[in-house]
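Quick look at entry.tsv (TSV, C-alpha atoms):
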```
chain	number	residue	atom	x	y	z
A	24	MET	CA	14.30	109.64	61.54
A	25	LEU	CA	14.08	112.46	64.07
A	26	ALA	CA	10.84	113.59	65.63
A	27	PRO	CA	9.58	116.98	64.39
A	28	GLY	CA	11.23	119.85	66.24
A	29	LEU	CA	14.28	117.81	67.23
A	30	THR	CA	17.66	118.68	65.83
A	31	LEU	CA	20.95	116.90	66.02
A	32	PRO	CA	23.73	118.65	67.99
A	33	ALA	CA	26.55	120.15	65.96
A	34	PRO	CA	29.20	117.49	65.27
A	35	LEU	CA	32.28	117.70	67.46
A	36	PRO	CA	35.51	118.42	65.60
A	37	ALA	CA	37.52	115.28	65.01
A	38	ILE	CA	41.26	115.03	65.52
A	39	ASP	CA	41.64	113.35	62.15
A	40	SER	CA	43.92	115.47	60.06
A	41	PRO	CA	42.54	116.85	56.84
A	42	ALA	CA	43.26	114.84	53.71
A	43	GLY	CA	46.97	115.13	53.02
A	44	GLY	CA	47.44	117.44	56.01
A	45	ALA	CA	49.92	116.97	58.81
A	46	PRO	CA	48.78	115.39	62.09
A	47	ARG	CA	47.73	118.00	64.62
A	48	ARG	CA	48.41	118.68	68.28
A	49	LEU	CA	45.56	119.15	70.73
A	50	ASP	CA	44.07	122.55	71.34
A	51	GLU	CA	41.21	123.19	73.75
A	52	VAL	CA	38.45	122.56	71.20
A	53	ARG	CA	39.94	119.29	69.99
A	54	PHE	CA	40.65	118.24	73.55
A	55	GLU	CA	37.03	118.84	74.49
A	56	ALA	CA	35.87	116.79	71.52
A	57	LEU	CA	38.22	113.96	72.39
A	58	TYR	CA	37.21	114.10	76.04
A	59	ARG	CA	33.52	113.93	75.21
A	60	ARG	CA	34.14	110.94	72.96
A	61	THR	CA	36.42	108.94	75.23
A	62	ALA	CA	35.94	110.00	78.87
A	63	SER	CA	32.86	107.93	79.55
A	64	ALA	CA	34.32	104.72	78.06
A	65	LEU	CA	37.63	105.35	79.77
A	66	TRP	CA	35.96	105.91	83.14
A	67	SER	CA	33.95	102.69	82.79
A	68	TYR	CA	37.14	100.81	81.94
A	69	LEU	CA	39.01	102.26	84.94
A	70	TYR	CA	36.05	101.71	87.25
A	71	ARG	CA	35.82	98.04	86.25
A	72	MET	CA	39.60	97.73	86.59
A	73	THR	CA	39.85	99.30	90.05
A	74	GLY	CA	36.38	98.65	91.49
A	75	ASP	CA	36.52	102.14	92.97
A	76	ALA	CA	34.71	105.14	91.50
A	77	ALA	CA	36.97	107.68	93.20
A	78	ALA	CA	40.09	105.91	91.93
A	79	ALA	CA	38.57	105.76	88.44
A	80	ASP	CA	37.92	109.53	88.59
A	81	ASP	CA	41.44	110.20	89.70
A	82	LEU	CA	43.11	107.93	87.15
A	83	MET	CA	40.96	109.20	84.31
A	84	GLN	CA	41.92	112.80	85.04
A	85	LYS	CA	45.58	111.84	85.37
A	86	ALA	CA	45.43	110.13	81.98
A	87	PHE	CA	44.04	113.29	80.39
A	88	PHE	CA	46.60	115.45	82.22
A	89	ARG	CA	49.36	113.27	80.81
A	90	LEU	CA	47.89	113.57	77.35
A	91	LEU	CA	47.87	117.37	77.63
A	92	ARG	CA	51.35	117.51	79.14
A	93	ALA	CA	52.85	115.20	76.53
A	94	ASN	CA	50.78	116.87	73.81
A	95	PRO	CA	51.64	114.14	71.31
A	96	VAL	CA	51.10	114.53	67.60
A	97	LEU	CA	47.89	112.59	67.06
A	98	ALA	CA	47.13	111.32	63.60
A	99	SER	CA	43.50	110.42	64.24
A	100	ASP	CA	40.78	109.91	66.82
A	101	GLU	CA	41.70	106.25	66.90
A	102	HIS	CA	45.33	107.12	67.62
A	103	ALA	CA	44.27	109.46	70.44
A	104	ARG	CA	41.96	106.81	71.85
A	105	ARG	CA	44.74	104.22	71.83
A	106	TRP	CA	47.12	106.69	73.46
A	107	ILE	CA	44.72	107.52	76.27
A	108	PHE	CA	43.75	103.89	76.95
A	109	LYS	CA	47.39	102.84	77.04
A	110	THR	CA	48.24	105.65	79.47
A	111	ALA	CA	45.21	104.86	81.62
A	112	THR	CA	46.18	101.18	81.72
A	113	ASN	CA	49.70	102.07	82.88
A	114	LEU	CA	48.28	104.41	85.51
A	115	ALA	CA	45.92	101.69	86.73
A	116	PHE	CA	48.81	99.23	87.04
A	117	ASP	CA	50.80	101.88	88.96
A	118	TYR	CA	47.77	102.36	91.21
A	119	PHE	CA	47.68	98.63	91.97
A	120	ARG	CA	51.41	98.65	92.70
A	121	GLU	CA	51.13	101.66	95.01
A	122	THR	CA	48.07	100.47	96.88
A	123	LYS	CA	49.15	96.79	96.78
A	124	ARG	CA	45.50	96.08	96.18
A	125	GLU	CA	44.85	93.90	93.19
A	126	ARG	CA	41.89	91.75	94.02
A	127	GLY	CA	38.65	91.62	95.86
A	128	HIS	CA	38.27	95.34	96.40
A	129	VAL	CA	34.95	96.82	95.35
A	130	VAL	CA	33.70	100.19	96.55
A	131	ASP	CA	30.01	100.66	95.83
A	132	MET	CA	28.96	103.90	94.23
A	133	LYS	CA	26.45	105.82	96.26
A	134	GLU	CA	23.49	106.07	93.98
A	135	ALA	CA	19.80	105.44	93.88
A	136	LEU	CA	19.62	101.96	92.42
A	137	SER	CA	17.17	99.30	93.50
A	138	SER	CA	18.65	96.85	95.98
A	139	GLU	CA	18.40	94.11	93.32
A	140	SER	CA	20.43	96.14	90.79
A	141	ARG	CA	22.93	97.09	93.45
A	142	GLU	CA	23.34	93.47	94.48
A	143	LEU	CA	23.76	92.34	90.89
A	144	ARG	CA	26.34	95.05	90.23
A	145	HIS	CA	28.18	94.19	93.42
A	146	ASP	CA	28.26	90.46	92.58
A	147	MET	CA	29.52	91.15	89.06
A	148	MET	CA	32.11	93.65	90.29
A	149	ARG	CA	33.36	91.21	92.92
A	150	THR	CA	33.59	88.40	90.41
A	151	PHE	CA	35.54	90.60	88.02
A	152	ALA	CA	37.75	91.87	90.84
A	153	GLU	CA	38.87	88.33	91.55
A	154	LEU	CA	40.81	88.36	88.29
A	155	LYS	CA	44.29	89.82	87.99
A	156	PRO	CA	44.43	93.44	86.75
A	157	ARG	CA	45.95	92.41	83.42
A	158	ASP	CA	43.19	89.84	82.86
A	159	ARG	CA	40.56	92.47	83.66
A	160	ALA	CA	42.14	94.87	81.19
A	161	LEU	CA	42.38	92.18	78.50
A	162	LEU	CA	38.76	91.11	78.87
A	163	TRP	CA	37.40	94.64	78.97
A	164	LEU	CA	39.38	95.83	75.97
A	165	ALA	CA	38.51	92.73	73.97
A	166	HIS	CA	34.84	92.32	74.82
A	167	VAL	CA	33.61	95.82	75.61
A	168	GLU	CA	35.90	98.15	73.69
A	169	GLU	CA	36.17	95.48	70.97
A	170	GLU	CA	39.79	96.36	70.36
A	171	ASP	CA	41.89	94.19	68.05
A	172	HIS	CA	44.90	92.28	69.31
A	173	ASP	CA	47.35	94.98	68.13
A	174	SER	CA	45.59	97.68	70.15
A	175	ILE	CA	45.27	95.47	73.21
A	176	GLY	CA	48.94	94.57	72.96
A	177	GLU	CA	49.86	98.24	72.68
A	178	ALA	CA	47.71	99.20	75.68
A	179	LEU	CA	49.13	96.44	77.87
A	180	GLY	CA	52.70	96.62	76.65
A	181	VAL	CA	52.75	93.04	75.34
A	182	LYS	CA	53.36	91.66	71.86
A	183	SER	CA	50.20	91.42	69.83
A	184	GLY	CA	51.07	87.77	69.12
A	185	SER	CA	50.85	87.02	72.85
A	186	VAL	CA	47.46	88.68	73.25
A	187	ARG	CA	45.52	85.70	71.91
A	188	VAL	CA	47.09	83.31	74.42
A	189	LEU	CA	46.74	85.77	77.31
A	190	LEU	CA	43.15	86.48	76.36
A	191	PHE	CA	42.36	82.77	76.23
A	192	ARG	CA	43.81	82.31	79.72
A	193	ALA	CA	41.88	85.31	81.06
A	194	ARG	CA	38.64	84.05	79.52
A	195	LYS	CA	39.26	80.61	80.95
A	196	LYS	CA	39.79	82.03	84.43
A	197	LEU	CA	36.62	84.10	84.23
A	198	ALA	CA	34.66	81.14	82.83
A	199	GLU	CA	35.87	79.00	85.73
A	200	LEU	CA	34.82	81.68	88.21
A	201	LEU	CA	31.41	82.01	86.57
A	202	THR	CA	30.93	78.24	86.58
A	203	LYS	CA	32.01	78.03	90.23
A	204	LYS	CA	29.52	80.74	91.20
A	205	GLY	CA	26.77	79.27	89.05
A	206	LEU	CA	26.69	82.36	86.83
A	207	ALA	CA	27.73	80.68	83.57
A	208	PRO	CA	25.00	80.50	80.91
B	198	MET	CA	46.57	77.63	68.14
B	199	ASN	CA	44.82	77.76	64.79
B	200	PRO	CA	42.77	80.85	64.03
B	201	CYS	CA	39.08	80.51	64.88
B	202	PRO	CA	36.32	81.86	62.60
B	203	PRO	CA	34.90	85.26	63.63
B	204	ASN	CA	31.37	83.83	63.93
B	205	PRO	CA	31.91	80.21	64.96
B	206	SER	CA	29.18	77.61	64.43
B	207	PRO	CA	27.76	75.67	67.41
B	208	GLU	CA	29.68	72.60	66.19
B	209	HIS	CA	32.93	74.58	66.17
B	210	ILE	CA	32.22	75.99	69.65
B	211	ALA	CA	31.58	72.49	70.98
B	212	SER	CA	34.89	71.22	69.63
B	213	CYS	CA	37.10	74.30	70.30
B	214	GLU	CA	38.09	75.15	73.86
B	215	GLU	CA	39.01	78.73	72.97
B	216	CYS	CA	35.61	79.42	71.41
B	217	SER	CA	33.65	77.61	74.10
B	218	VAL	CA	35.32	79.70	76.78
B	219	ALA	CA	34.68	82.87	74.76
B	220	ALA	CA	31.03	81.85	74.40
B	221	VAL	CA	30.69	81.63	78.17
B	222	VAL	CA	32.48	84.89	78.87
B	223	ALA	CA	31.17	87.15	76.08
B	224	PRO	CA	27.50	87.45	77.19
B	225	TRP	CA	28.55	87.96	80.80
B	226	MET	CA	30.99	90.70	79.81
B	227	LYS	CA	28.31	92.46	77.72
B	228	ARG	CA	25.94	92.35	80.67
B	229	PHE	CA	28.67	93.53	83.00
B	230	ALA	CA	29.47	96.44	80.67
B	231	SER	CA	25.82	97.44	80.45
B	232	LEU	CA	25.43	97.89	84.23
B	233	ASN	CA	23.85	101.23	84.87
B	234	GLU	CA	26.41	103.82	85.92
B	235	ARG	CA	25.00	106.80	84.10
B	236	GLN	CA	24.43	108.62	87.36
B	237	HIS	CA	28.14	109.11	87.80
B	238	ILE	CA	28.94	112.62	86.64
B	239	LEU	CA	32.27	113.14	84.92
B	240	PRO	CA	34.10	116.45	85.31
B	241	HIS	CA	33.50	118.98	82.56
B	242	PRO	CA	36.25	118.98	79.90
B	243	SER	CA	37.02	122.67	80.47
B	244	ILE	CA	37.73	121.92	84.14
B	245	VAL	CA	40.12	119.14	83.18
B	246	TRP	CA	41.76	121.43	80.61
B	247	LEU	CA	42.15	124.21	83.20
B	248	LYS	CA	43.57	121.84	85.83
B	249	ALA	CA	46.06	120.55	83.26
B	250	GLN	CA	47.18	124.11	82.48
B	251	VAL	CA	47.64	124.87	86.19
B	252	LEU	CA	49.59	121.64	86.69
B	253	ARG	CA	51.71	122.40	83.66
B	254	SER	CA	52.61	125.90	84.87
B	255	SER	CA	53.42	124.68	88.37
B	256	SER	CA	55.65	121.93	86.99
B	257	GLU	CA	57.34	124.50	84.72
B	258	ALA	CA	57.93	126.74	87.75
B	259	ALA	CA	59.38	123.80	89.66
B	260	ARG	CA	61.65	123.00	86.69
B	261	ALA	CA	62.82	126.63	86.47
B	262	SER	CA	63.68	126.78	90.15
B	263	ARG	CA	65.45	123.41	90.16
B	264	PRO	CA	69.00	124.85	89.68
B	265	MET	CA	68.39	127.20	92.62
B	266	THR	CA	67.35	124.24	94.74
B	267	TYR	CA	70.56	122.40	93.82
B	268	VAL	CA	72.62	125.48	94.76
B	269	GLN	CA	70.74	125.68	98.04
B	270	PHE	CA	71.47	122.03	98.89
B	271	PHE	CA	75.12	122.55	97.95
B	272	ALA	CA	75.24	125.54	100.28
B	273	TYR	CA	73.71	123.50	103.14
B	274	GLY	CA	76.43	120.89	102.67
B	275	LEU	CA	79.16	123.54	102.47
B	276	VAL	CA	78.04	125.31	105.65
B	277	ALA	CA	77.59	122.07	107.57
B	278	SER	CA	81.04	120.81	106.57
B	279	GLY	CA	82.54	124.25	107.34
B	280	TRP	CA	81.18	124.11	110.87
B	281	ALA	CA	82.21	120.47	111.28
B	282	ALA	CA	85.77	121.22	110.10
B	283	LEU	CA	86.11	124.32	112.22
B	284	LEU	CA	84.79	122.66	115.37
B	285	THR	CA	86.91	119.53	114.83
B	286	TRP	CA	90.27	121.00	113.93
B	287	LYS	CA	90.17	124.41	115.59
B	288	TRP	CA	88.26	123.61	118.77
B	289	GLU	CA	91.13	124.62	121.03
B	290	ALA	CA	91.67	127.87	119.14
B	291	ILE	CA	87.96	128.62	119.41
B	292	GLN	CA	88.04	127.95	123.17
B	293	GLU	CA	91.05	130.23	123.46
B	294	LEU	CA	89.23	132.87	121.43
B	295	LEU	CA	86.14	132.69	123.62
B	296	ARG	CA	87.95	132.60	126.99
B	297	PRO	CA	88.16	136.42	127.41
B	298	PHE	CA	84.37	136.65	126.87
B	299	ASN	CA	83.50	135.96	130.52
B	300	ALA	CA	81.13	137.93	132.71
B	301	THR	CA	83.87	139.87	134.51
B	302	ASN	CA	85.60	141.05	131.34
B	303	ILE	CA	82.32	141.88	129.62
B	304	ALA	CA	81.21	143.92	132.68
B	305	SER	CA	84.48	145.83	132.76
B	306	GLY	CA	84.67	146.09	128.97
B	307	SER	CA	88.23	144.84	129.00
B	308	PHE	CA	88.29	141.98	126.51
B	309	SER	CA	90.17	141.68	123.31
B	310	VAL	CA	90.23	139.27	120.41
B	311	SER	CA	93.29	137.03	120.64
B	312	SER	CA	93.16	135.73	117.04
B	313	VAL	CA	91.67	138.01	114.44
B	314	PRO	CA	91.69	135.45	111.56
B	315	MET	CA	89.90	132.87	113.71
B	316	PHE	CA	87.36	135.45	114.86
B	317	GLY	CA	86.83	136.48	111.23
B	318	ALA	CA	86.30	132.88	110.12
B	319	LEU	CA	83.77	132.30	112.89
B	320	MET	CA	81.86	135.48	112.04
B	321	LEU	CA	81.89	134.67	108.33
B	322	LEU	CA	80.53	131.16	108.86
B	323	ALA	CA	77.88	132.44	111.26
B	324	THR	CA	76.82	135.11	108.76
B	325	VAL	CA	76.58	132.59	105.91
B	326	THR	CA	74.52	130.24	108.13
B	327	VAL	CA	72.05	132.96	109.10
B	328	THR	CA	71.77	134.20	105.50
B	329	LEU	CA	71.10	130.69	104.25
B	330	ALA	CA	68.48	130.10	106.94
B	331	LEU	CA	66.74	133.40	106.11
B	332	HIS	CA	66.84	132.60	102.38
B	333	THR	CA	65.27	129.20	102.99
B	334	ILE	CA	62.50	130.63	105.16
B	335	LEU	CA	61.72	133.52	102.80
B	336	ALA	CA	61.82	131.29	99.70
B	337	GLU	CA	59.34	128.90	101.27
B	338	GLU	CA	57.02	131.74	102.17
```

Would you encode the structure as structure tokens?
Amino acid sequence: MLAPGLTLPAPLPAIDSPAGGAPRRLDEVRFEALYRRTASALWSYLYRMTGDAAAADDLMQKAFFRLLRANPVLASDEHARRWIFKTATNLAFDYFRETKRERGHVVDMKEALSSESRELRHDMMRTFAELKPRDRALLWLAHVEEEDHDSIGEALGVKSGSVRVLLFRARKKLAELLTKKGLAP
Amino acid sequence: MNPCPPNPSPEHIASCEECSVAAVVAPWMKRFASLNERQHILPHPSIVWLKAQVLRSSSEAARASRPMTYVQFFAYGLVASGWAALLTWKWEAIQELLRPFNATNIASGSFSVSSVPMFGALMLLATVTVTLALHTILAEE
């Protein structure tokens, strides 16, 4: 229930094609809608993957540039979301290859957080950064984006049947790290 | 591995390694995901759209000029090999051609070209080299 005087913003147009209609390509309005829906989640994913806000900015924009350049026929919002996460994952892996920096790199964002929050964030980021990039991607997609095994497999370029095993290994590694650092519940 | 239930019971978690590991990791991941990062401002979608259009047009321009670039590289190779061939195989003829161009003859204005074809080939190659250099400089500007 909304408070008196408050109104909901106009809904953003979805990519989903009209019933029985053909899938559509992106125009500026649909792109804006997709961007508003996915950019924040995508940035968080890339930031947790790279540990670097500037790199996350750069990779996120590159992923959207690729989407606009490829201009694929997108059947639905879900399809677009999968496409952009897959592209961003590939770009993040390229970034790790180019910088030869896979682990233990965390660049703090300059922002007004209390020192306790900053320390907590830094500890969590460093713990996560100790995992391999693929493990980070697996855990984030599974636990935060709550993607199913098919989507995770598509994003990472592995068979969906392998995702369960890879996810188990990634969870085990993180659980071991958390236990070692005394952070496990 | 057998499939685990979506909401496993504590007994199942205690007996299943996969679920026990997931039970350790899941709350930590949720907490990790909820870390405050709202202060990070993302670029406006219209800026990203505009940048993409600019990138697209510059890549289209690069694609359109690609054949010209290939021709240019071919011309560099042709000119370089022309000079190399001329200087290797006709060095003596070139020396002979240039011998009358000494200070005395130039001062008296009494020099003549001993081999017109050789002189023509030299002038042609020099002209092509200068034209190519000018084209490269002007194209870059």

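The residues of chain A lying at most 7 Å from chain B, with only C-alpha atoms taken into account, are Glu55, Tyr58, Gln84, Phe88, Leu91, Arg92, Arg144, Met147, His166, Val167, Phe191, Arg194, Lys195, Leu197, Ala198, Ala207 and Pro208 of chain A.
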
Quick one: write out the picked residues with C-alpha atoms as a short mmCIF file (atom, residue, chain, number, x, y, z; two decimals), in the coordinates of the input?
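Result went into part.cif, see below:
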```
data_model
loop_
_atom_site.label_atom_id
_atom_site.label_comp_id
_atom_site.auth_asym_id
_atom_site.auth_seq_id
_atom_site.Cartn_x
_atom_site.Cartn_y
_atom_site.Cartn_z
CA GLU A 55 37.03 118.84 74.49
CA TYR A 58 37.21 114.10 76.04
CA GLN A 84 41.92 112.80 85.04
CA PHE A 88 46.60 115.45 82.22
CA LEU A 91 47.87 117.37 77.63
CA ARG A 92 51.35 117.51 79.14
CA ARG A 144 26.34 95.05 90.23
CA MET A 147 29.52 91.15 89.06
CA HIS A 166 34.84 92.32 74.82
CA VAL A 167 33.61 95.82 75.61
CA PHE A 191 42.36 82.77 76.23
CA ARG A 194 38.64 84.05 79.52
CA LYS A 195 39.26 80.61 80.95
CA LEU A 197 36.62 84.10 84.23
CA ALA A 198 34.66 81.14 82.83
CA ALA A 207 27.73 80.68 83.57
CA PRO A 208 25.00 80.50 80.91
#
```

Query - Length of the atom CA of A:Gly74 to atom CA of A:Arg141 vector [Å] - result: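 Going from atom CA of A:Gly74 over to atom CA of A:Arg141, I get 13.7 Å.
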
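Here atom CA of B:Ile334 is placed at a distance of 28.8 Å from atom CA of B:Met315.
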
Query raised in the report: How many Å separate atom CA of A:Val52 from atom CA of A:Ser99?
Result: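 For atom CA of A:Val52 relative to atom CA of A:Ser99, the distance reads 14.9 Å.
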
Query raised in the report: Nearest to B:Phe271 among B:Ile291, B:Ala336, B:Leu329, B:Leu284, with distances taken over only C-alpha atoms: which residue is it?
Result: B:Leu329

Query - Test item: residues at most 7 Å from stretch 61-73 of chain A, only C-alpha atoms, excluding those fewer than 6 positions along its chain, as a PyMOL selection string - result: chain A and resi 79-80+83+104+108+156+159-160+163

Give me a file of those residues, with C-alpha atoms, as a PDB file, in the frame of the given file.
```
ATOM      1  CA  ALA A  79      38.570 105.760  88.440  1.00  0.00           C
ATOM      2  CA  ASP A  80      37.920 109.530  88.590  1.00  0.00           C
ATOM      3  CA  MET A  83      40.960 109.200  84.310  1.00  0.00           C
ATOM      4  CA  ARG A 104      41.960 106.810  71.850  1.00  0.00           C
ATOM      5  CA  PHE A 108      43.750 103.890  76.950  1.00  0.00           C
ATOM      6  CA  PRO A 156      44.430  93.440  86.750  1.00  0.00           C
ATOM      7  CA  ARG A 159      40.560  92.470  83.660  1.00  0.00           C
ATOM      8  CA  ALA A 160      42.140  94.870  81.190  1.00  0.00           C
ATOM      9  CA  TRP A 163      37.400  94.640  78.970  1.00  0.00           C
TER      10      TRP A 163
END
```

**Report entry** Closest of A:Leu201, A:Ala76, A:Ala115, A:Ala103 to A:Ser174 - atom-to-atom distances counting all atoms listed in the file
**Finding:**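 Going through A:Leu201, A:Ala76, A:Ala115, A:Ala103 one by one, the smallest distance to A:Ser174 is for A:Ala103.
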